[in-house]
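Visitor: File name coords-v2.txt; file contents compact mmCIF, C-alpha atoms and all ligand atoms; full text below.
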```
# COMPACT_ATOMS: atom_id res chain seq x y z
CA MET A 775 -19.44 -35.25 18.96
CA LYS A 776 -20.71 -34.82 15.45
CA THR A 777 -22.30 -31.53 16.47
CA LEU A 778 -19.06 -30.38 18.07
CA SER A 779 -17.05 -31.14 14.91
CA ALA A 780 -19.60 -29.29 12.82
CA LEU A 781 -19.37 -26.34 15.18
CA VAL A 782 -15.57 -26.31 15.07
CA LEU A 783 -15.67 -26.43 11.28
CA ALA A 784 -18.23 -23.64 11.11
CA CYS A 785 -16.10 -21.45 13.38
CA ALA A 786 -12.99 -22.12 11.31
CA ALA A 787 -14.87 -21.23 8.14
CA ALA A 788 -16.19 -18.06 9.75
CA ALA A 789 -12.68 -17.09 10.82
CA PHE A 790 -11.46 -17.32 7.24
CA ALA A 791 -14.47 -15.35 6.00
CA VAL A 792 -13.71 -12.42 8.33
CA PRO A 793 -12.44 -9.48 6.27
CA ALA A 794 -8.81 -8.54 6.66
CA SER A 795 -9.83 -5.26 8.29
CA ALA A 796 -11.07 -7.23 11.29
CA GLN A 797 -7.50 -7.98 12.28
CA PHE A 798 -7.34 -4.54 13.91
CA ALA A 799 -8.42 -4.17 17.52
CA LYS A 800 -9.41 -0.53 17.02
CA PRO A 801 -9.65 2.04 14.17
CA GLU A 802 -6.56 3.78 15.53
CA ASP A 803 -4.53 0.62 14.93
CA ALA A 804 -5.74 0.33 11.34
CA ILE A 805 -4.83 3.96 10.65
CA LYS A 806 -1.40 3.52 12.22
CA TYR A 807 -0.88 0.32 10.23
CA ARG A 808 -1.64 1.89 6.86
CA GLN A 809 0.37 5.03 7.67
CA SER A 810 3.35 2.86 8.67
CA ALA A 811 3.07 0.86 5.45
CA MET A 812 2.89 4.05 3.37
CA PHE A 813 5.97 5.40 5.17
CA MET A 814 8.00 2.23 4.66
CA MET A 815 6.90 2.08 1.02
CA GLN A 816 7.86 5.72 0.42
CA GLN A 817 11.28 5.28 2.02
CA ASN A 818 12.08 2.32 -0.21
CA PHE A 819 10.56 3.83 -3.33
CA GLY A 820 12.34 7.13 -2.63
CA ARG A 821 15.71 5.36 -2.61
CA VAL A 822 14.98 3.94 -6.07
CA ALA A 823 13.60 7.26 -7.34
CA ALA A 824 16.78 9.03 -6.21
CA MET A 825 18.82 6.65 -8.39
CA ALA A 826 16.46 7.04 -11.35
CA SER A 827 16.79 10.83 -11.22
CA GLY A 828 20.58 10.66 -10.86
CA ARG A 829 20.56 12.27 -7.40
CA VAL A 830 22.45 9.23 -6.14
CA PRO A 831 24.52 6.76 -8.19
CA PHE A 832 22.67 3.75 -9.58
CA ASP A 833 23.38 0.70 -7.44
CA PRO A 834 21.47 -2.24 -8.98
CA LYS A 835 21.65 -4.32 -5.79
CA VAL A 836 20.25 -1.57 -3.56
CA ALA A 837 17.65 -0.69 -6.21
CA THR A 838 16.56 -4.34 -6.50
CA ASP A 839 16.24 -4.81 -2.75
CA SER A 840 14.45 -1.50 -2.20
CA ALA A 841 12.06 -2.00 -5.12
CA ALA A 842 11.23 -5.53 -3.94
CA VAL A 843 10.41 -4.23 -0.47
CA ALA A 844 8.32 -1.36 -1.89
CA GLU A 845 6.50 -3.80 -4.17
CA TYR A 846 5.71 -6.11 -1.28
CA ILE A 847 4.54 -3.29 0.96
CA SER A 848 2.30 -1.96 -1.82
CA ARG A 849 -0.01 -4.91 -1.09
CA LEU A 850 -0.45 -4.04 2.58
CA PRO A 851 -2.21 -0.73 3.26
CA TRP A 852 -5.55 -1.62 1.66
CA ALA A 853 -6.76 -4.06 4.32
CA ALA A 854 -6.56 -1.20 6.81
CA TYR A 855 -9.24 0.97 5.14
CA GLY A 856 -12.18 -0.80 6.74
CA GLU A 857 -15.43 0.96 7.58
CA GLY A 858 -15.06 3.26 10.58
CA THR A 859 -11.34 3.91 10.06
CA ASP A 860 -11.95 7.45 8.82
CA LYS A 861 -11.13 8.77 12.29
CA GLY A 862 -9.55 7.71 15.60
CA ARG A 863 -6.08 9.09 14.96
CA ASP A 864 -4.62 11.90 12.89
CA THR A 865 -5.47 10.99 9.32
CA ARG A 866 -5.74 12.88 6.05
CA VAL A 867 -8.00 10.24 4.50
CA LYS A 868 -10.98 11.57 2.53
CA PRO A 869 -14.48 10.06 2.78
CA GLU A 870 -14.21 9.29 -0.96
CA VAL A 871 -12.20 6.16 -0.03
CA TRP A 872 -15.51 4.65 1.02
CA SER A 873 -17.96 6.53 -1.23
CA GLU A 874 -15.87 5.79 -4.34
CA LYS A 875 -14.56 2.41 -3.30
CA ALA A 876 -14.29 0.96 -6.83
CA LYS A 877 -12.10 3.85 -7.94
CA PHE A 878 -9.98 3.54 -4.80
CA ASN A 879 -9.50 -0.20 -5.31
CA GLU A 880 -8.56 0.41 -8.93
CA GLN A 881 -5.83 2.83 -7.81
CA ALA A 882 -4.59 0.35 -5.24
CA GLU A 883 -4.33 -2.33 -7.91
CA LYS A 884 -2.64 0.03 -10.34
CA LEU A 885 0.00 0.86 -7.75
CA GLN A 886 0.77 -2.81 -7.20
CA ALA A 887 1.06 -3.41 -10.96
CA GLU A 888 3.41 -0.43 -11.45
CA MET A 889 5.46 -1.53 -8.44
CA GLY A 890 5.83 -4.93 -10.12
CA LYS A 891 7.32 -3.22 -13.18
CA LEU A 892 9.61 -1.16 -10.95
CA SER A 893 10.86 -4.28 -9.25
CA ALA A 894 11.40 -6.08 -12.58
CA ALA A 895 13.34 -3.13 -14.04
CA ALA A 896 15.59 -2.92 -10.99
CA LYS A 897 16.22 -6.66 -11.07
CA ALA A 898 17.13 -6.46 -14.76
CA GLY A 899 19.55 -3.61 -13.98
CA ASN A 900 17.79 -1.58 -16.66
CA LEU A 901 18.12 2.09 -15.69
CA ASP A 902 16.02 3.35 -18.63
CA ALA A 903 13.13 1.03 -17.71
CA LEU A 904 13.60 2.00 -14.07
CA LYS A 905 13.16 5.69 -14.91
CA VAL A 906 9.91 4.93 -16.74
CA ALA A 907 8.67 2.77 -13.85
CA VAL A 908 9.55 5.42 -11.25
CA GLY A 909 7.51 7.93 -13.25
CA ALA A 910 4.56 5.54 -13.41
CA VAL A 911 4.66 4.70 -9.70
CA GLY A 912 5.03 8.38 -8.77
CA GLY A 913 2.12 9.27 -11.01
CA THR A 914 -0.03 6.63 -9.38
CA CYS A 915 0.88 7.89 -5.89
CA LYS A 916 -0.09 11.41 -6.92
CA THR A 917 -3.36 10.51 -8.68
CA CYS A 918 -4.52 8.54 -5.64
CA HIS A 919 -3.39 11.18 -3.14
CA ASP A 920 -5.12 13.94 -5.11
CA ALA A 921 -8.40 12.02 -5.03
CA PHE A 922 -8.26 10.36 -1.63
CA ARG A 923 -5.95 12.35 0.65
CA LYS A 924 -6.54 15.82 2.07
CA ASP A 925 -3.93 18.46 0.95
C1 LIG B 1 6.78 9.86 -3.27
C2 LIG B 1 5.78 10.13 -2.32
C3 LIG B 1 4.63 10.34 -2.96
C4 LIG B 1 4.85 10.22 -4.40
C5 LIG B 1 4.44 11.43 -5.12
C6 LIG B 1 4.84 11.37 -6.58
O1 LIG B 1 7.95 9.57 -3.06
O2 LIG B 1 5.91 10.17 -1.01
O3 LIG B 1 3.47 10.59 -2.43
O4 LIG B 1 6.25 9.93 -4.55
O5 LIG B 1 5.01 12.54 -4.56
O6 LIG B 1 4.24 12.39 -7.27
```
Take the structure in this file and express it as structure tokens.

Guide:
Amino acid sequence: MKTLSALVLACAAAAFAVPASAQFAKPEDAIKYRQSAMFMMQQNFGRVAAMASGRVPFDPKVATDSAAVAEYISRLPWAAYGEGTDKGRDTRVKPEVWSEKAKFNEQAEKLQAEMGKLSAAAKAGNLDALKVAVGAVGGTCKTCHDAFRKD
């Protein structure tokens, strides 16, 4: 019985130690997951960016909700860049994601930090701060895409 409990505990510990990338049954699923997250993030960020640029009228409630969703989603794609997910479905990912992992992680963290500022500015109803934050988020998207995404 003691052995069984120890075994159960060991399995539970191992389950928690499994990297997040292991949640995907196949590379194709991981690629689809991160592409879906990027799409959802862009749609929500784009709505806020349109208000910041004046293309659509500033609606603080819509901006707050959209920025909060974009901020949340900005935490999600990274677990789906496990080893072996460089192919298996149409992807523009560059091998540098894995060969320059520290730089990639740094960009991922920067995006989340800038998204936090975007969300705070929207919540405060501060259009000037929102414009600055949209520029910073957009710049982070571009820097990362230039380094880690083909074309
Ligand atoms: C977007 C989007 C990106 C970034 C980037 C900003 O809305 O889809 O990849 O902003 O274009 O430079």

Visitor: One number please: CA of Ala895 in chain A to CA of Gly828 in chain A, in Å, one decimal.

Guide: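 For CA of Ala895 in chain A relative to CA of Gly828 in chain A, the distance reads 15.9 Å.
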
Visitor: Taking all atoms listed in the file into account, report as a PyMOL selection string which residues have an atom no farther than 12 Å from an atom of ligand LIG 1 (chain B).

Guide: chain A and resi 809+811-824+844+885+907-920+922-923+925

Visitor: Closest to Phe878 in chain A among A:Val843, A:Ala921, A:Leu850, A:Ala894, using all atoms listed in the file?

Guide: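 Of all the options, A:Ala921 lies closest to Phe878 in chain A.
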
Visitor: If I take CA of Ser893 in chain A and CA of Phe832 in chain A, how far is one from the other in Å, to one decimal?

Guide: 14.3 Å

Visitor: If you measure from CA of Ala837 in chain A to CA of Lys897 in chain A, what distance in Å do you get, rounded to one decimal?

Guide: 7.8 Å

Visitor: Considering only C-alpha atoms, state which residue in the set A:Ala896, A:Ala854, A:Lys884, A:Glu874 is at the smallest distance from Gln797 in chain A.

Guide: A:Ala854

Visitor: Using all atoms listed in the file, find the one residue out of A:Thr859, A:Ile805, A:Asp902, A:Met825 that sits nearest to Ala841 in chain A.

Guide: A:Met825

Visitor: Set up a box along x, y and z of the file covering all listed atoms of range 799-809 of chain A, add 4 Å on every one of the six sides, and write the centre and edge lengths in Å to one decimal, as lines of an AutoDock Vina configuration file.

Guide:
```
center_x = -4.6
center_y = 0.4
center_z = 12.2
size_x = 18.0
size_y = 17.2
size_z = 18.7
```

Visitor: Find the residue from A:Ala882, A:Ala876, A:Ile847, A:Leu892 that sits nearest to Val906 in chain A; use only C-alpha atoms when measuring.

Guide: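 Answer, going by the shortest atom-to-atom distance: A:Leu892.
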
Visitor: Which is closer to Arg849 in chain A than all the others in A:Val836, A:Val830, A:Met889, A:Val867, using all atoms listed in the file?

Guide: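 Using all atoms listed in the file, the shortest distance to Arg849 in chain A belongs to A:Met889.
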
Visitor: Taking the partial coordinates given, rebuild range 803-816 of chain A to contain N, CA, C and O atoms; return it as a PDB file, in the coordinates of the input.

Guide:
```pdb
ATOM      1  N   ASP A 803      -5.559   1.584  15.346  1.00  0.00           N
ATOM      2  CA  ASP A 803      -4.530   0.620  14.930  1.00  0.00           C
ATOM      3  C   ASP A 803      -4.489   0.476  13.413  1.00  0.00           C
ATOM      4  O   ASP A 803      -3.417   0.370  12.818  1.00  0.00           O
ATOM      5  N   ALA A 804      -5.664   0.458  12.798  1.00  0.00           N
ATOM      6  CA  ALA A 804      -5.740   0.330  11.340  1.00  0.00           C
ATOM      7  C   ALA A 804      -5.100   1.548  10.677  1.00  0.00           C
ATOM      8  O   ALA A 804      -4.342   1.415   9.707  1.00  0.00           O
ATOM      9  N   ILE A 805      -5.384   2.721  11.223  1.00  0.00           N
ATOM     10  CA  ILE A 805      -4.830   3.960  10.650  1.00  0.00           C
ATOM     11  C   ILE A 805      -3.305   3.962  10.794  1.00  0.00           C
ATOM     12  O   ILE A 805      -2.580   4.261   9.850  1.00  0.00           O
ATOM     13  N   LYS A 806      -2.841   3.560  11.985  1.00  0.00           N
ATOM     14  CA  LYS A 806      -1.400   3.520  12.220  1.00  0.00           C
ATOM     15  C   LYS A 806      -0.729   2.500  11.291  1.00  0.00           C
ATOM     16  O   LYS A 806       0.356   2.730  10.770  1.00  0.00           O
ATOM     17  N   TYR A 807      -1.401   1.389  11.100  1.00  0.00           N
ATOM     18  CA  TYR A 807      -0.880   0.320  10.230  1.00  0.00           C
ATOM     19  C   TYR A 807      -0.704   0.824   8.797  1.00  0.00           C
ATOM     20  O   TYR A 807       0.357   0.657   8.192  1.00  0.00           O
ATOM     21  N   ARG A 808      -1.749   1.452   8.258  1.00  0.00           N
ATOM     22  CA  ARG A 808      -1.640   1.890   6.860  1.00  0.00           C
ATOM     23  C   ARG A 808      -0.659   3.048   6.713  1.00  0.00           C
ATOM     24  O   ARG A 808       0.057   3.137   5.708  1.00  0.00           O
ATOM     25  N   GLN A 809      -0.592   3.924   7.737  1.00  0.00           N
ATOM     26  CA  GLN A 809       0.370   5.030   7.670  1.00  0.00           C
ATOM     27  C   GLN A 809       1.802   4.485   7.737  1.00  0.00           C
ATOM     28  O   GLN A 809       2.691   4.973   7.032  1.00  0.00           O
ATOM     29  N   SER A 810       2.017   3.475   8.556  1.00  0.00           N
ATOM     30  CA  SER A 810       3.350   2.860   8.670  1.00  0.00           C
ATOM     31  C   SER A 810       3.743   2.212   7.351  1.00  0.00           C
ATOM     32  O   SER A 810       4.884   2.342   6.896  1.00  0.00           O
ATOM     33  N   ALA A 811       2.796   1.522   6.728  1.00  0.00           N
ATOM     34  CA  ALA A 811       3.070   0.860   5.450  1.00  0.00           C
ATOM     35  C   ALA A 811       3.405   1.908   4.383  1.00  0.00           C
ATOM     36  O   ALA A 811       4.377   1.748   3.635  1.00  0.00           O
ATOM     37  N   MET A 812       2.628   2.986   4.345  1.00  0.00           N
ATOM     38  CA  MET A 812       2.890   4.050   3.370  1.00  0.00           C
ATOM     39  C   MET A 812       4.282   4.640   3.598  1.00  0.00           C
ATOM     40  O   MET A 812       5.022   4.917   2.643  1.00  0.00           O
ATOM     41  N   PHE A 813       4.654   4.830   4.857  1.00  0.00           N
ATOM     42  CA  PHE A 813       5.970   5.400   5.170  1.00  0.00           C
ATOM     43  C   PHE A 813       7.093   4.470   4.716  1.00  0.00           C
ATOM     44  O   PHE A 813       8.047   4.897   4.055  1.00  0.00           O
ATOM     45  N   MET A 814       6.977   3.211   5.046  1.00  0.00           N
ATOM     46  CA  MET A 814       8.000   2.230   4.660  1.00  0.00           C
ATOM     47  C   MET A 814       8.093   2.131   3.131  1.00  0.00           C
ATOM     48  O   MET A 814       9.172   2.003   2.568  1.00  0.00           O
ATOM     49  N   MET A 815       6.935   2.169   2.484  1.00  0.00           N
ATOM     50  CA  MET A 815       6.900   2.080   1.020  1.00  0.00           C
ATOM     51  C   MET A 815       7.596   3.311   0.424  1.00  0.00           C
ATOM     52  O   MET A 815       8.418   3.174  -0.479  1.00  0.00           O
ATOM     53  N   GLN A 816       7.272   4.493   0.945  1.00  0.00           N
ATOM     54  CA  GLN A 816       7.860   5.720   0.420  1.00  0.00           C
ATOM     55  C   GLN A 816       9.375   5.754   0.610  1.00  0.00           C
ATOM     56  O   GLN A 816      10.115   6.190  -0.283  1.00  0.00           O
TER      57      GLN A 816
END
```
